[in-house]
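J.: The structure's right below; bear with me while I get my questions together.
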Amino acid sequence: MEIIFYGHAFVEVENLDSSILIDPFISWNPLCDVSLEQICAKNIKAILVTHWHSDHIGDTVNIAKATGARVISTFE
């Protein structure tokens with residue numbers, strides 16, 4: 001297992017064959033050094049969104065549509 005911090009709030013928990021994303025803020029995150037295309041090419045099982053601010057939702061919808069990942073979040 002590897003935990004990768006991509007800046008601001010975006011974290012990936014990577015296992016042998018799949019990943020879980022937390023607050024996937026990619027497109028407008030100047031600290032993020034991975035592209036949306038690179039993330040969507042991975043086997044993403046779930047996306048966890050801690051709260052509904054735009055810098056935490058980030059690219060959740062695009063990733064979920066591209067990968068079929070389940071989105072799990074709080075009710076806001």
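Following the order of the structure tokens, chains are lettered A, B, ..., residues in each are numbered from 1, and ligands are numbered from 1.
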Find the residues near Val11 (chain A): any atom within 8 Å, counting only C-alpha atoms, skip ones fewer than 5 places away on the same chain, and give them as a VMD selection string.
T.: chain A and resid 3 to 6 21 to 24
J.: Quick one: write out the picked residues with all heavy atoms as a CSV table (one decimal), in the first residue's frame?
T.:
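So the final result, stored in out_18.csv, reads:
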```
chain,number,residue,atom,x,y,z
A,3,ILE,N,0.5,5.6,0.1
A,3,ILE,CA,-0.3,6.8,0.2
A,3,ILE,C,0.4,8.0,-0.5
A,3,ILE,O,1.6,8.3,-0.1
A,3,ILE,CB,-0.6,7.1,1.7
A,3,ILE,CG1,-1.4,5.9,2.3
A,3,ILE,CG2,-1.4,8.4,1.8
A,3,ILE,CD1,-1.6,6.0,3.8
A,4,ILE,N,-0.2,8.6,-1.5
A,4,ILE,CA,0.4,9.6,-2.2
A,4,ILE,C,-0.3,10.9,-2.0
A,4,ILE,O,-1.6,11.0,-2.3
A,4,ILE,CB,0.4,9.3,-3.7
A,4,ILE,CG1,1.0,7.9,-4.0
A,4,ILE,CG2,1.1,10.3,-4.6
A,4,ILE,CD1,0.7,7.3,-5.3
A,5,PHE,N,0.4,12.0,-1.6
A,5,PHE,CA,-0.2,13.3,-1.4
A,5,PHE,C,0.1,14.1,-2.7
A,5,PHE,O,1.3,14.4,-3.0
A,5,PHE,CB,0.3,13.9,-0.2
A,5,PHE,CG,-0.2,15.3,0.1
A,5,PHE,CD1,-1.5,15.6,0.3
A,5,PHE,CD2,0.7,16.4,0.1
A,5,PHE,CE1,-2.0,16.9,0.5
A,5,PHE,CE2,0.3,17.7,0.3
A,5,PHE,CZ,-1.1,17.9,0.5
A,6,TYR,N,-1.0,14.6,-3.3
A,6,TYR,CA,-0.8,15.4,-4.6
A,6,TYR,C,-1.0,16.9,-4.3
A,6,TYR,O,-1.1,17.6,-5.3
A,6,TYR,CB,-1.8,14.9,-5.6
A,6,TYR,CG,-1.5,13.6,-6.2
A,6,TYR,CD1,-2.4,12.5,-5.9
A,6,TYR,CD2,-0.4,13.3,-7.0
A,6,TYR,CE1,-2.1,11.2,-6.4
A,6,TYR,CE2,-0.1,12.1,-7.5
A,6,TYR,CZ,-1.0,11.0,-7.2
A,6,TYR,OH,-0.8,9.8,-7.7
A,21,LEU,N,-9.4,7.4,-4.0
A,21,LEU,CA,-9.0,8.8,-4.0
A,21,LEU,C,-9.7,9.6,-3.0
A,21,LEU,O,-10.9,9.3,-2.7
A,21,LEU,CB,-9.3,9.4,-5.4
A,21,LEU,CG,-8.8,8.7,-6.6
A,21,LEU,CD1,-9.2,9.5,-7.9
A,21,LEU,CD2,-7.3,8.6,-6.6
A,22,ILE,N,-9.1,10.5,-2.4
A,22,ILE,CA,-9.7,11.4,-1.4
A,22,ILE,C,-9.6,12.9,-1.9
A,22,ILE,O,-8.5,13.3,-2.2
A,22,ILE,CB,-9.0,11.3,0.0
A,22,ILE,CG1,-9.1,9.8,0.5
A,22,ILE,CG2,-9.7,12.2,1.0
A,22,ILE,CD1,-8.2,9.5,1.7
A,23,ASP,N,-10.7,13.5,-2.1
A,23,ASP,CA,-10.7,14.9,-2.5
A,23,ASP,C,-9.9,15.2,-3.8
A,23,ASP,O,-8.9,15.9,-3.7
A,23,ASP,CB,-10.3,15.9,-1.4
A,23,ASP,CG,-11.3,15.9,-0.3
A,23,ASP,OD1,-12.5,15.5,-0.4
A,23,ASP,OD2,-10.9,16.3,0.8
A,24,PRO,N,-10.3,14.6,-4.9
A,24,PRO,CA,-9.4,14.6,-6.1
A,24,PRO,C,-9.4,16.0,-6.8
A,24,PRO,O,-10.0,16.2,-7.9
A,24,PRO,CB,-10.0,13.5,-7.0
A,24,PRO,CG,-11.5,13.5,-6.6
A,24,PRO,CD,-11.5,13.8,-5.1
```
J.: Determine, counting only C-alpha atoms, which protein, DNA and RNA residues have an atom within 9 Å of an atom of Leu16 (chain A); residues of the same chain fewer than 3 positions away are not included. Present the result as a ChimeraX atom specification.
T.: /A:1-2,19
J.: Please, which residues of chain A, numbered as in this document, come out helix (DSSP H, G or I) from DSSP, as a list in words?
T.: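 Selection result, helix (DSSP H, G or I) within chain A: Leu36, Glu37, Gln38, Ile39, Cys40, Ser54, Asp55, His56, Ile57, Thr60, Val61, Asn62, Ile63, Ala64, Lys65, Ala66 and Thr67 of chain A.
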J.: Just want the 8 Å neighbourhood of region 44-55 of chain A, counted on only C-alpha atoms, with same-chain residues fewer than 6 positions away dropped. Output as number ranges by chain.
T.: A: 9, 18-25, 64, 67-74, 76
J.: Keeping C-alpha atoms for every residue in the selection just given, could you write it to a file as a PDB file, in the first residue's frame?
T.:
```pdb
ATOM      1  CA  ALA A   9      -6.334  18.051  -0.236  1.00  0.00           C
ATOM      2  CA  SER A  18      -6.533  -0.467  -7.357  1.00  0.00           C
ATOM      3  CA  SER A  19      -6.771   2.944  -5.730  1.00  0.00           C
ATOM      4  CA  ILE A  20      -9.065   5.037  -3.581  1.00  0.00           C
ATOM      5  CA  LEU A  21      -8.995   8.808  -4.046  1.00  0.00           C
ATOM      6  CA  ILE A  22      -9.692  11.426  -1.398  1.00  0.00           C
ATOM      7  CA  ASP A  23     -10.742  14.919  -2.530  1.00  0.00           C
ATOM      8  CA  PRO A  24      -9.434  14.631  -6.123  1.00  0.00           C
ATOM      9  CA  PHE A  25      -8.632  18.294  -6.783  1.00  0.00           C
ATOM     10  CA  ALA A  64     -16.365   8.735 -11.530  1.00  0.00           C
ATOM     11  CA  THR A  67     -13.774   4.903 -14.189  1.00  0.00           C
ATOM     12  CA  GLY A  68     -17.096   3.832 -12.704  1.00  0.00           C
ATOM     13  CA  ALA A  69     -15.747   4.546  -9.222  1.00  0.00           C
ATOM     14  CA  ARG A  70     -18.214   4.810  -6.365  1.00  0.00           C
ATOM     15  CA  VAL A  71     -18.444   8.272  -4.782  1.00  0.00           C
ATOM     16  CA  ILE A  72     -18.764   8.389  -0.996  1.00  0.00           C
ATOM     17  CA  SER A  73     -19.358  11.676   0.795  1.00  0.00           C
ATOM     18  CA  THR A  74     -21.047  13.455   3.625  1.00  0.00           C
ATOM     19  CA  GLU A  76     -24.345  18.591   2.534  1.00  0.00           C
TER      20      GLU A  76
END
```
J.: Fewer than 4 positions away in the same chain doesn't count, so skip those; otherwise give me all residues within 12 Å of Glu37 (chain A), counting only C-alpha atoms, as JSON, numbers by chain.
T.: {"A": [26, 27, 33, 41, 42, 59, 62, 63, 66, 67]}
J.: Hey, which of A:Val13, A:Leu36, A:Gly7, A:Pro30 ends up closest to Thr60 (chain A)? Count only C-alpha atoms.
T.: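 Closest residue, counting only C-alpha atoms: A:Leu36.
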J.: Using backbone DSSP assignments, extract all strand (DSSP E or B) residues from chain A; output them as a list in words.
T.: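 The strand (DSSP E or B) residues within chain A come out as Glu2, Ile3, Ile4, Phe5, Val11, Glu12, Val13, Glu14, Ser19, Ile20, Leu21, Ile22, Ile44, Lys45, Ala46, Ile47, Leu48, Val49, Arg70, Val71, Ile72 and Ser73 of chain A.
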